[in-house]
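A.B. asks: File target.json follows (JSON, C-alpha atoms and all ligand atoms):
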```json
[["chain", "number", "residue", "atom", "x", "y", "z"],
["A", 835, "MET", "CA", 86.43, 79.20, 30.80],
["A", 836, "ARG", "CA", 89.14, 76.62, 31.31],
["A", 837, "ARG", "CA", 90.44, 76.32, 34.82],
["A", 838, "ARG", "CA", 94.13, 76.62, 35.35],
["A", 839, "THR", "CA", 96.29, 76.04, 38.36],
["A", 840, "LEU", "CA", 97.41, 79.20, 40.08],
["A", 841, "PHE", "CA", 101.16, 79.53, 39.95],
["A", 842, "LEU", "CA", 102.68, 80.55, 43.25],
["A", 843, "VAL", "CA", 106.30, 81.08, 44.17],
["A", 844, "PRO", "CA", 106.93, 78.84, 47.19],
["A", 845, "ALA", "CA", 107.73, 80.79, 50.34],
["A", 846, "LEU", "CA", 110.89, 80.26, 52.34],
["A", 847, "LEU", "CA", 108.83, 79.48, 55.40],
["A", 848, "SER", "CA", 106.82, 76.36, 54.82],
["A", 849, "GLY", "CA", 104.10, 74.92, 56.97],
["A", 850, "LEU", "CA", 102.50, 78.28, 57.62],
["A", 851, "ASP", "CA", 99.02, 79.17, 56.53],
["A", 852, "SER", "CA", 100.29, 82.42, 55.11],
["A", 853, "GLY", "CA", 103.62, 83.16, 53.46],
["A", 854, "ALA", "CA", 102.95, 82.61, 49.78],
["A", 855, "LYS", "CA", 104.29, 85.18, 47.35],
["A", 856, "LEU", "CA", 102.80, 86.36, 44.10],
["A", 857, "ARG", "CA", 104.66, 88.57, 41.65],
["A", 858, "GLY", "CA", 103.24, 90.34, 38.63],
["A", 859, "LYS", "CA", 102.04, 93.60, 37.14],
["A", 860, "LEU", "CA", 99.64, 95.65, 39.22],
["A", 861, "VAL", "CA", 96.45, 96.37, 37.28],
["A", 862, "ALA", "CA", 93.82, 98.97, 38.23],
["A", 863, "GLY", "CA", 90.92, 97.46, 40.16],
["A", 864, "ARG", "CA", 93.10, 95.59, 42.67],
["A", 865, "LYS", "CA", 94.31, 92.87, 40.34],
["A", 866, "LEU", "CA", 97.70, 91.38, 39.60],
["A", 867, "GLU", "CA", 98.60, 90.14, 36.12],
["A", 868, "VAL", "CA", 100.68, 87.00, 36.49],
["A", 869, "GLY", "CA", 101.73, 85.16, 33.34],
["A", 870, "GLY", "CA", 98.94, 86.74, 31.29],
["A", 871, "ARG", "CA", 96.31, 85.89, 33.87],
["A", 872, "LEU", "CA", 94.52, 88.30, 36.22],
["A", 873, "ILE", "CA", 94.46, 87.44, 39.91],
["A", 874, "ALA", "CA", 91.96, 89.31, 42.10],
["A", 875, "LEU", "CA", 93.58, 90.69, 45.24],
["A", 876, "GLU", "CA", 91.81, 90.84, 48.58],
["A", 877, "SER", "CA", 93.22, 92.87, 51.45],
["A", 878, "ASP", "CA", 92.55, 95.13, 54.39],
["A", 879, "ASP", "CA", 91.74, 98.80, 53.71],
["A", 880, "ALA", "CA", 95.27, 100.08, 54.18],
["A", 881, "VAL", "CA", 96.72, 97.56, 51.72],
["A", 882, "GLY", "CA", 93.83, 98.29, 49.34],
["A", 883, "LYS", "CA", 94.83, 101.97, 49.21],
["A", 884, "VAL", "CA", 98.30, 100.92, 48.08],
["A", 885, "LEU", "CA", 96.76, 98.73, 45.35],
["A", 886, "ASP", "CA", 94.78, 101.79, 44.20],
["A", 887, "ASP", "CA", 97.90, 104.01, 44.09],
["A", 888, "GLU", "CA", 98.22, 105.14, 40.49],
["A", 889, "ARG", "CA", 101.96, 105.61, 41.01],
["A", 890, "LEU", "CA", 102.20, 101.82, 41.39],
["A", 891, "ILE", "CA", 99.63, 100.68, 38.82],
["A", 892, "GLY", "CA", 101.32, 99.26, 35.72],
["A", 893, "GLY", "CA", 104.48, 98.43, 37.64],
["A", 894, "LYS", "CA", 105.86, 95.18, 38.97],
["A", 895, "LEU", "CA", 104.59, 94.29, 42.42],
["A", 896, "GLU", "CA", 105.18, 91.40, 44.79],
["A", 897, "VAL", "CA", 102.55, 90.58, 47.39],
["A", 898, "GLU", "CA", 102.67, 88.21, 50.35],
["A", 899, "GLY", "CA", 99.68, 86.32, 51.63],
["A", 900, "LYS", "CA", 97.81, 83.22, 50.60],
["A", 901, "ALA", "CA", 95.87, 81.93, 47.64],
["A", 902, "ARG", "CA", 92.15, 81.53, 48.05],
["A", 903, "GLY", "CA", 90.52, 79.33, 45.47],
["A", 904, "GLU", "CA", 91.09, 79.87, 41.78],
["A", 905, "GLY", "CA", 92.30, 83.28, 40.75],
["A", 906, "ASN", "CA", 92.08, 84.92, 44.17],
["A", 907, "PHE", "CA", 94.83, 85.94, 46.54],
["A", 908, "VAL", "CA", 94.46, 87.36, 50.03],
["A", 909, "ILE", "CA", 97.26, 89.75, 50.95],
["A", 910, "ASP", "CA", 98.57, 89.77, 54.53],
["A", 911, "GLU", "CA", 97.69, 92.70, 56.79],
["A", 912, "ILE", "CA", 99.51, 96.02, 56.33],
["A", 913, "HIS", "CA", 101.55, 95.72, 59.56],
["A", 914, "THR", "CA", 103.37, 92.68, 58.13],
["A", 915, "LYS", "CA", 104.59, 94.88, 55.23],
["A", 916, "PRO", "CA", 103.39, 92.48, 52.54],
["A", 917, "LEU", "CA", 104.04, 94.69, 49.47],
["A", 918, "TYR", "CA", 107.21, 95.06, 47.42],
["A", 919, "VAL", "CA", 108.19, 96.91, 44.26],
["A", 920, "PHE", "CA", 111.27, 96.59, 42.08],
["A", 921, "GLN", "CA", 113.59, 99.46, 41.24],
["A", 922, "SER", "CA", 116.78, 98.83, 39.24],
["A", 923, "GLY", "CA", 116.48, 95.14, 40.08],
["A", 924, "GLU", "CA", 116.23, 95.83, 43.80],
["A", 925, "ARG", "CA", 113.30, 94.51, 45.84],
["A", 926, "LEU", "CA", 111.99, 97.35, 47.99],
["A", 927, "GLY", "CA", 109.18, 97.52, 50.51],
["A", 928, "VAL", "CA", 106.35, 99.89, 49.59],
["A", 929, "SER", "CA", 106.28, 102.84, 51.97],
["A", 930, "TYR", "CA", 105.39, 106.53, 52.04],
["A", 931, "TRP", "CA", 107.27, 109.44, 53.50],
["A", 932, "CYS", "CA", 106.31, 112.90, 54.73],
["A", 933, "GLU", "CA", 109.18, 115.26, 54.04],
["A", 934, "ILE", "CA", 107.80, 117.86, 56.42],
["A", 935, "CYS", "CA", 107.32, 115.69, 59.50],
["A", 936, "TYR", "CA", 109.80, 112.92, 58.70],
["A", 937, "ILE", "CA", 107.07, 110.36, 59.25],
["A", 938, "ARG", "CA", 106.97, 107.05, 57.39],
["A", 939, "THR", "CA", 103.71, 105.27, 56.63],
["A", 940, "TYR", "CA", 102.80, 102.13, 54.70],
["A", 941, "SER", "CA", 99.62, 103.32, 53.08],
["A", 942, "PRO", "CA", 99.22, 106.35, 50.76],
["A", 943, "GLY", "CA", 97.27, 109.49, 51.58],
["A", 944, "LYS", "CA", 97.61, 112.55, 53.75],
["A", 945, "CYS", "CA", 100.19, 112.68, 56.51],
["A", 946, "TRP", "CA", 98.32, 112.27, 59.82],
["A", 947, "CYS", "CA", 100.42, 115.09, 61.28],
["A", 948, "CYS", "CA", 100.53, 117.93, 58.73],
["A", 949, "GLN", "CA", 97.83, 116.71, 56.28],
["A", 950, "GLU", "CA", 100.14, 117.07, 53.28],
["A", 951, "ASP", "CA", 100.25, 114.28, 50.68],
["A", 952, "THR", "CA", 102.93, 111.73, 51.44],
["A", 953, "LYS", "CA", 105.52, 110.79, 48.83],
["A", 954, "LEU", "CA", 105.93, 107.24, 47.52],
["A", 955, "ASP", "CA", 109.26, 106.15, 48.97],
["A", 956, "PRO", "CA", 110.05, 102.42, 48.57],
["A", 957, "LYS", "CA", 112.82, 101.30, 50.87],
["A", 958, "ASP", "CA", 115.09, 98.34, 51.53],
["A", 959, "PRO", "CA", 113.11, 96.12, 53.94],
["A", 960, "ASN", "CA", 116.29, 95.40, 55.90],
["A", 961, "THR", "CA", 117.02, 99.00, 56.84],
["A", 962, "PRO", "CA", 115.45, 100.66, 59.89],
["A", 963, "ASP", "CA", 112.30, 102.78, 59.63],
["A", 964, "ARG", "CA", 114.06, 106.08, 59.19],
["A", 965, "LYS", "CA", 115.36, 108.03, 56.23],
["A", 966, "PRO", "CA", 118.90, 106.88, 55.31],
["B", 1, "ZN", "ZN", 103.54, 115.53, 57.64]]
```
How does this structure look as C-alpha cells?
C.D. replies:
Amino acid sequence: MRRRTLFLVPALLSGLDSGAKLRGKLVAGRKLEVGGRLIALESDDAVGKVLDDERLIGGKLEVEGKARGEGNFVIDEIHTKPLYVFQSGERLGVSYWCEICYIRTYSPGKCWCCQEDTKLDPKDPNTPDRKP
C-alpha cells in the first residue's frame, strides 16, 4: 500500500503536543473516514463508548487530539471534551442528558443516578453545563 501524508487541520493553539483536529465521517469500529481514507482512533474508555454510539456512526464528527504515525489518531481524554458533531451547520459538543435527573454526561450509557438510558444531546460548547 502506498503511504500518504495524514491531513490534519492545524489547531489554533500551536506549540502544544496535543490540539490537532480531525474531521470526517465516523465509521463503526472506532475509525474516522477522512477524504476517502480510514483513520484508526485511539482513546480512553469513555471516549471509546462515544465512538461506538450507533446514533453517531455514519455522521460527521470532529475529534481533538494528536496524530500518531500513519493513519492513527489519539483522541484527548474525555474531560477535555474532545468530540464534536454538526447539526444544521452548527458545531456542537457531544454530550448526553438524563431527562429524569437532569444530569449531563459526556459518555453514553445508563444514568449513574436512575439507571435509565441517557439521551444523545449535543450542545453548544460555549454554553454552561445545564439545559438551556
Ligand atoms: Zn437519571
A.B. asks: For chain A versus ligand ZN 1 (chain B), which residues have an atom no more than 10 Å away, and what is each residue's nearest atom pair and distance in Å rounded to one decimal, using all atoms listed in the file, chain-then-number order, as CSV?
C.D. replies:
```
residue,atom,partner,partner_atom,distance
A:Trp931,CA,B:ZN1,ZN,8.3
A:Cys932,CA,B:ZN1,ZN,4.8
A:Glu933,CA,B:ZN1,ZN,6.7
A:Ile934,CA,B:ZN1,ZN,5.0
A:Cys935,CA,B:ZN1,ZN,4.2
A:Tyr936,CA,B:ZN1,ZN,6.9
A:Ile937,CA,B:ZN1,ZN,6.5
A:Arg938,CA,B:ZN1,ZN,9.2
A:Lys944,CA,B:ZN1,ZN,7.7
A:Cys945,CA,B:ZN1,ZN,4.5
A:Trp946,CA,B:ZN1,ZN,6.5
A:Cys947,CA,B:ZN1,ZN,4.8
A:Cys948,CA,B:ZN1,ZN,4.0
A:Gln949,CA,B:ZN1,ZN,6.0
A:Glu950,CA,B:ZN1,ZN,5.7
A:Asp951,CA,B:ZN1,ZN,7.8
A:Thr952,CA,B:ZN1,ZN,7.3
```
A.B. asks: Suppose we keep C-alpha atoms; can you now write the selection as an mmCIF file, in the frame of the given file?
C.D. replies:
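Output saved as part_24.cif:
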```
data_model
loop_
_atom_site.group_PDB
_atom_site.id
_atom_site.type_symbol
_atom_site.label_atom_id
_atom_site.label_comp_id
_atom_site.auth_asym_id
_atom_site.auth_seq_id
_atom_site.Cartn_x
_atom_site.Cartn_y
_atom_site.Cartn_z
ATOM 1 C CA TRP A 931 107.270 109.440 53.500
ATOM 2 C CA CYS A 932 106.310 112.900 54.730
ATOM 3 C CA GLU A 933 109.180 115.260 54.040
ATOM 4 C CA ILE A 934 107.800 117.860 56.420
ATOM 5 C CA CYS A 935 107.320 115.690 59.500
ATOM 6 C CA TYR A 936 109.800 112.920 58.700
ATOM 7 C CA ILE A 937 107.070 110.360 59.250
ATOM 8 C CA ARG A 938 106.970 107.050 57.390
ATOM 9 C CA LYS A 944 97.610 112.550 53.750
ATOM 10 C CA CYS A 945 100.190 112.680 56.510
ATOM 11 C CA TRP A 946 98.320 112.270 59.820
ATOM 12 C CA CYS A 947 100.420 115.090 61.280
ATOM 13 C CA CYS A 948 100.530 117.930 58.730
ATOM 14 C CA GLN A 949 97.830 116.710 56.280
ATOM 15 C CA GLU A 950 100.140 117.070 53.280
ATOM 16 C CA ASP A 951 100.250 114.280 50.680
ATOM 17 C CA THR A 952 102.930 111.730 51.440
#
```
A.B. asks: Find the smallest box with edges along x, y and z containing every listed atom of segment 914-933 of chain A, then add 5 Å on each side and report centre and edge lengths in Å to one decimal, as JSON.
C.D. replies:
```
{"center_x": 110.1, "center_y": 103.9, "center_z": 48.7, "size_x": 23.4, "size_y": 32.8, "size_z": 28.9}
```
A.B. asks: Which residues are near Ala874 of chain A? Cut-off 8 Å, only C-alpha atoms, ignore same chain within fewer than 5 positions. Put them as a ChimeraX atom specification.
C.D. replies: /A:864-866,905-907
A.B. asks: Can you measure atom CA of Pro959 of chain A to atom CA of Val897 of chain A for me? One decimal in Å is fine.
C.D. replies: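 Between these atoms lies a distance of 13.6 Å.
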A.B. asks: Could you check how far atom CA of Ser929 of chain A sits from atom CA of Glu904 of chain A, in Å to one decimal?
C.D. replies: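 A separation of 29.4 Å between them.
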A.B. asks: Excluding same-chain residues fewer than 2 positions from Asp887 of chain A, what lies within 12 Å of it counting only C-alpha atoms, as an mmCIF file with C-alpha atoms, in the frame of the given file?
C.D. replies:
```cif
data_model
loop_
_atom_site.group_PDB
_atom_site.id
_atom_site.type_symbol
_atom_site.label_atom_id
_atom_site.label_comp_id
_atom_site.auth_asym_id
_atom_site.auth_seq_id
_atom_site.Cartn_x
_atom_site.Cartn_y
_atom_site.Cartn_z
ATOM 1 C CA LEU A 860 99.640 95.650 39.220
ATOM 2 C CA VAL A 861 96.450 96.370 37.280
ATOM 3 C CA ALA A 862 93.820 98.970 38.230
ATOM 4 C CA GLY A 863 90.920 97.460 40.160
ATOM 5 C CA ARG A 864 93.100 95.590 42.670
ATOM 6 C CA ALA A 880 95.270 100.080 54.180
ATOM 7 C CA VAL A 881 96.720 97.560 51.720
ATOM 8 C CA GLY A 882 93.830 98.290 49.340
ATOM 9 C CA LYS A 883 94.830 101.970 49.210
ATOM 10 C CA VAL A 884 98.300 100.920 48.080
ATOM 11 C CA LEU A 885 96.760 98.730 45.350
ATOM 12 C CA ARG A 889 101.960 105.610 41.010
ATOM 13 C CA LEU A 890 102.200 101.820 41.390
ATOM 14 C CA ILE A 891 99.630 100.680 38.820
ATOM 15 C CA GLY A 892 101.320 99.260 35.720
ATOM 16 C CA GLY A 893 104.480 98.430 37.640
ATOM 17 C CA LEU A 895 104.590 94.290 42.420
ATOM 18 C CA VAL A 928 106.350 99.890 49.590
ATOM 19 C CA SER A 929 106.280 102.840 51.970
ATOM 20 C CA TYR A 930 105.390 106.530 52.040
ATOM 21 C CA TYR A 940 102.800 102.130 54.700
ATOM 22 C CA SER A 941 99.620 103.320 53.080
ATOM 23 C CA PRO A 942 99.220 106.350 50.760
ATOM 24 C CA GLY A 943 97.270 109.490 51.580
ATOM 25 C CA THR A 952 102.930 111.730 51.440
ATOM 26 C CA LYS A 953 105.520 110.790 48.830
ATOM 27 C CA LEU A 954 105.930 107.240 47.520
#
```
